[in-house]
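Everything below concerns the one structure shown next.
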Amino acid sequence: QEQLVESGGGLVQPGGSLRLSCVASGFTFSSYDMTWVRQAPGKGLEWVSSISTDGRSTPYDNSVKGRFSISRDNAKKTLYLHMESLKPEDTAVYYCVKAWGSNRPLRGQGTQVTVSS
């Protein structure tokens, strides 16, 4: 059974940092581009960043560019999102996604990130 499990969210003050993790199972993780998306309260899913299978291509949404860093460890079947200089507007549920943009995306259960003083 294919599965993605996110962790690492929490409550952080503005300007703080968090690292999210997403552990994959049930499929060949190294064969897929992976994506982080987020959903703020009352809003739709928003693409944050993606990473190619070899980690060499890492596009970011302009709203997080320079503050967030996506990476992956194919041996550990784990996707990461390191977030710095967090802002209140980064508050959202963060999801990792396999095959974003396809007709059969796989999404985890999400991890809540709350940025507040």
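If you're wondering about the labels, chains in the structure tokens are A, B, ... by order shown, residues count from 1 in each chain, ligands from 1 in order shown.
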DSSP strand (DSSP E) residues within region 45-78 of chain A, listed as a list in words =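 Restricting region 45-78 of chain A to strand (DSSP E) produces Leu45, Glu46, Trp47, Val48, Ser49, Ser50, Ile51, Phe68, Ser69, Ile70, Ser71, Arg72, Asp73 and Thr78 of chain A.
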Go ahead and write the selection's residues with N, CA, C and O atoms as a tab-separated table (two decimals), in the first residue's frame.
chain	number	residue	atom	x	y	z
A	45	LEU	N	-5.50	24.31	-1.99
A	45	LEU	CA	-4.13	23.83	-1.97
A	45	LEU	C	-3.23	24.78	-2.74
A	45	LEU	O	-3.58	25.25	-3.83
A	46	GLU	N	-2.05	25.04	-2.19
A	46	GLU	CA	-1.07	25.93	-2.81
A	46	GLU	C	0.24	25.19	-2.98
A	46	GLU	O	0.78	24.64	-2.02
A	47	TRP	N	0.75	25.16	-4.19
A	47	TRP	CA	2.05	24.53	-4.45
A	47	TRP	C	3.16	25.33	-3.77
A	47	TRP	O	3.19	26.56	-3.86
A	48	VAL	N	4.07	24.65	-3.10
A	48	VAL	CA	5.18	25.29	-2.40
A	48	VAL	C	6.51	25.04	-3.12
A	48	VAL	O	7.25	25.97	-3.43
A	49	SER	N	6.81	23.77	-3.37
A	49	SER	CA	8.09	23.42	-3.98
A	49	SER	C	8.04	21.99	-4.47
A	49	SER	O	7.26	21.17	-3.97
A	50	SER	N	8.90	21.69	-5.42
A	50	SER	CA	9.05	20.33	-5.92
A	50	SER	C	10.52	19.98	-6.01
A	50	SER	O	11.38	20.87	-6.01
A	51	ILE	N	10.80	18.71	-6.11
A	51	ILE	CA	12.18	18.25	-6.25
A	51	ILE	C	12.21	17.08	-7.22
A	51	ILE	O	11.36	16.17	-7.15
A	68	PHE	N	12.69	28.76	2.25
A	68	PHE	CA	12.43	27.32	2.35
A	68	PHE	C	13.44	26.57	1.49
A	68	PHE	O	13.88	27.06	0.45
A	69	SER	N	13.76	25.35	1.92
A	69	SER	CA	14.67	24.50	1.17
A	69	SER	C	14.13	23.07	1.15
A	69	SER	O	13.92	22.47	2.21
A	70	ILE	N	13.93	22.54	-0.04
A	70	ILE	CA	13.44	21.17	-0.19
A	70	ILE	C	14.62	20.25	-0.45
A	70	ILE	O	15.58	20.62	-1.13
A	71	SER	N	14.55	19.05	0.08
A	71	SER	CA	15.60	18.07	-0.15
A	71	SER	C	15.01	16.68	0.00
A	71	SER	O	13.87	16.52	0.45
A	72	ARG	N	15.79	15.69	-0.38
A	72	ARG	CA	15.32	14.31	-0.27
A	72	ARG	C	16.49	13.39	0.01
A	72	ARG	O	17.62	13.67	-0.37
A	73	ASP	N	16.19	12.27	0.66
A	73	ASP	CA	17.15	11.21	0.90
A	73	ASP	C	16.52	9.94	0.33
A	73	ASP	O	15.65	9.33	0.97
A	78	THR	N	12.77	9.51	2.20
A	78	THR	CA	12.27	10.64	2.97
A	78	THR	C	12.44	11.95	2.22
A	78	THR	O	13.50	12.19	1.63
task = Find the residues near region 19-23 of chain A: any atom within 7 Å, counting only C-alpha atoms, skip ones fewer than 4 places away on the same chain, and give them as a list of chain:residue names.
result =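 Near neighbours after the sequence-gap exclusion: A:Leu4, A:Val5, A:Glu6, A:Ser7, A:Gly8, A:Gly9, A:Lys77, A:Thr78, A:Leu79, A:Tyr80, A:Leu81, A:His82, A:Met83, A:Cys96.
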Please produce a file of the residues just selected, as a PDB file, in the first residue's frame, where the atoms kept are C-alpha atoms.
ATOM      1  CA  LEU A   4       3.177   9.185   2.765  1.00  0.00           C
ATOM      2  CA  VAL A   5       3.515  10.246   6.401  1.00  0.00           C
ATOM      3  CA  GLU A   6       4.432  13.833   7.253  1.00  0.00           C
ATOM      4  CA  SER A   7       5.814  15.049  10.576  1.00  0.00           C
ATOM      5  CA  GLY A   8       7.670  17.986  12.098  1.00  0.00           C
ATOM      6  CA  GLY A   9       4.971  20.625  12.209  1.00  0.00           C
ATOM      7  CA  LYS A  77      12.721   7.265   1.307  1.00  0.00           C
ATOM      8  CA  THR A  78      12.269  10.638   2.972  1.00  0.00           C
ATOM      9  CA  LEU A  79      11.387  14.089   1.691  1.00  0.00           C
ATOM     10  CA  TYR A  80      12.243  17.207   3.707  1.00  0.00           C
ATOM     11  CA  LEU A  81      11.227  20.844   3.810  1.00  0.00           C
ATOM     12  CA  HIS A  82      13.446  23.142   5.850  1.00  0.00           C
ATOM     13  CA  MET A  83      11.656  26.391   6.615  1.00  0.00           C
ATOM     14  CA  CYS A  96       3.866  15.989   0.682  1.00  0.00           C
TER      15      CYS A  96
END
note = Arg107 (chain A) proximity check over A:Leu11, A:Ala92, A:Leu18, A:Val37, using only C-alpha atoms: winner is A:Val37
Residues at most 9 Å from Val12 (chain A), counting only C-alpha atoms, excluding those fewer than 3 positions away in the same chain, as a PDB file with N, CA, C and O atoms, in the first residue's frame?
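Heads up, here's the output in result01.pdb:
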ATOM      1  N   GLY A   9       5.679  19.364  12.044  1.00  0.00           N
ATOM      2  CA  GLY A   9       4.971  20.625  12.209  1.00  0.00           C
ATOM      3  C   GLY A   9       4.874  21.033  13.665  1.00  0.00           C
ATOM      4  O   GLY A   9       5.276  20.292  14.571  1.00  0.00           O
ATOM      5  N   GLY A  15       9.707  34.389  12.426  1.00  0.00           N
ATOM      6  CA  GLY A  15      11.153  34.405  12.346  1.00  0.00           C
ATOM      7  C   GLY A  15      11.803  33.086  12.692  1.00  0.00           C
ATOM      8  O   GLY A  15      13.011  32.912  12.494  1.00  0.00           O
ATOM      9  N   GLY A  16      11.023  32.152  13.205  1.00  0.00           N
ATOM     10  CA  GLY A  16      11.550  30.864  13.613  1.00  0.00           C
ATOM     11  C   GLY A  16      11.731  29.893  12.458  1.00  0.00           C
ATOM     12  O   GLY A  16      11.483  30.229  11.296  1.00  0.00           O
ATOM     13  N   SER A  17      12.152  28.672  12.811  1.00  0.00           N
ATOM     14  CA  SER A  17      12.446  27.647  11.809  1.00  0.00           C
ATOM     15  C   SER A  17      11.778  26.330  12.179  1.00  0.00           C
ATOM     16  O   SER A  17      11.537  26.050  13.360  1.00  0.00           O
ATOM     17  N   LEU A  18      11.509  25.542  11.166  1.00  0.00           N
ATOM     18  CA  LEU A  18      11.007  24.179  11.341  1.00  0.00           C
ATOM     19  C   LEU A  18      11.540  23.332  10.198  1.00  0.00           C
ATOM     20  O   LEU A  18      11.808  23.849   9.107  1.00  0.00           O
ATOM     21  N   LEU A  86      10.131  32.124   9.227  1.00  0.00           N
ATOM     22  CA  LEU A  86       8.706  31.856   9.056  1.00  0.00           C
ATOM     23  C   LEU A  86       7.858  33.089   9.361  1.00  0.00           C
ATOM     24  O   LEU A  86       8.191  33.894  10.249  1.00  0.00           O
ATOM     25  N   VAL A 113       1.412  23.540  10.556  1.00  0.00           N
ATOM     26  CA  VAL A 113       2.414  24.550  10.902  1.00  0.00           C
ATOM     27  C   VAL A 113       1.670  25.828  11.276  1.00  0.00           C
ATOM     28  O   VAL A 113       0.876  26.332  10.482  1.00  0.00           O
ATOM     29  N   THR A 114       1.923  26.315  12.479  1.00  0.00           N
ATOM     30  CA  THR A 114       1.294  27.546  12.952  1.00  0.00           C
ATOM     31  C   THR A 114       2.388  28.532  13.342  1.00  0.00           C
ATOM     32  O   THR A 114       3.242  28.211  14.182  1.00  0.00           O
ATOM     33  N   VAL A 115       2.359  29.700  12.707  1.00  0.00           N
ATOM     34  CA  VAL A 115       3.355  30.738  12.987  1.00  0.00           C
ATOM     35  C   VAL A 115       2.636  31.882  13.695  1.00  0.00           C
ATOM     36  O   VAL A 115       1.824  32.589  13.100  1.00  0.00           O
ATOM     37  N   SER A 116       2.940  32.037  14.962  1.00  0.00           N
ATOM     38  CA  SER A 116       2.232  33.027  15.765  1.00  0.00           C
ATOM     39  C   SER A 116       3.053  33.376  16.990  1.00  0.00           C
ATOM     40  O   SER A 116       3.768  32.537  17.537  1.00  0.00           O
ATOM     41  N   SER A 117       2.916  34.617  17.422  1.00  0.00           N
ATOM     42  CA  SER A 117       3.588  35.047  18.648  1.00  0.00           C
ATOM     43  C   SER A 117       2.638  34.917  19.838  1.00  0.00           C
ATOM     44  O   SER A 117       3.035  35.214  20.966  1.00  0.00           O
TER      45      SER A 117
END
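Among the candidate residues A:Ser30, A:Asn74, A:Gln3, A:Ser57, the one lying nearest to Gln109 (chain A) is A:Gln3, with distances computed using only C-alpha atoms.
Proximity to Thr28 (chain A) was assessed for A:Pro14, A:Lys43, A:Asn103, A:Lys76 counting only C-alpha atoms; the smallest distance is recorded for A:Lys76.
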request  = One decimal, Å: what's the distance from CA of Val93 (chain A) over to CA of Gln39 (chain A), could you say?
outcome  = 5.2 Å
key: Proximity to Gly10 (chain A) - best of A:Lys65, A:Arg38, A:Gly108, A:Thr91, only C-alpha atoms   =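 Among the listed residues, the smallest separation from Gly10 (chain A) belongs to A:Thr91.
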message = Between CA of Asp54 (chain A) and CA of Tyr94 (chain A), what distance in Å does the model show, to one decimal?
response =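 Taking CA of Asp54 (chain A) as the start and CA of Tyr94 (chain A) as the end point, the length is 22.4 Å.
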Atom-to-atom span, CA of Glu89 (chain A) and CA of Gln13 (chain A), Å =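 For CA of Glu89 (chain A) relative to CA of Gln13 (chain A), the distance reads 11.9 Å.
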task = Looking only at helix (DSSP H, G or I) from DSSP on the backbone, list the matching residues of chain A as an MDAnalysis selection string.
result = chainID A and resid 29:31 88:90
Could you turn the residues from that selection into a file that holds C-alpha atoms, as a CSV table (one decimal), in the first residue's frame?
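The new file again-v4.csv reads:
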chain,number,residue,atom,x,y,z
A,29,PHE,CA,10.4,6.7,-3.9
A,30,SER,CA,13.5,7.4,-5.9
A,31,SER,CA,11.6,7.1,-9.2
A,88,PRO,CA,2.3,34.2,10.0
A,89,GLU,CA,1.1,33.8,6.4
A,90,ASP,CA,3.0,30.5,6.3
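Nearest to Thr58 (chain A) of all the residues A:Phe27, A:Leu106, A:Asp33, A:Ala75 is A:Asp33, counting only C-alpha atoms.
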ask   = With only C-alpha atoms as the basis for distance, which of A:Tyr60, A:Gly26, A:Tyr95, A:Pro41 is at the shortest distance from Thr111 (chain A)?
value =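 Among the listed residues, the smallest separation from Thr111 (chain A) belongs to A:Tyr95.
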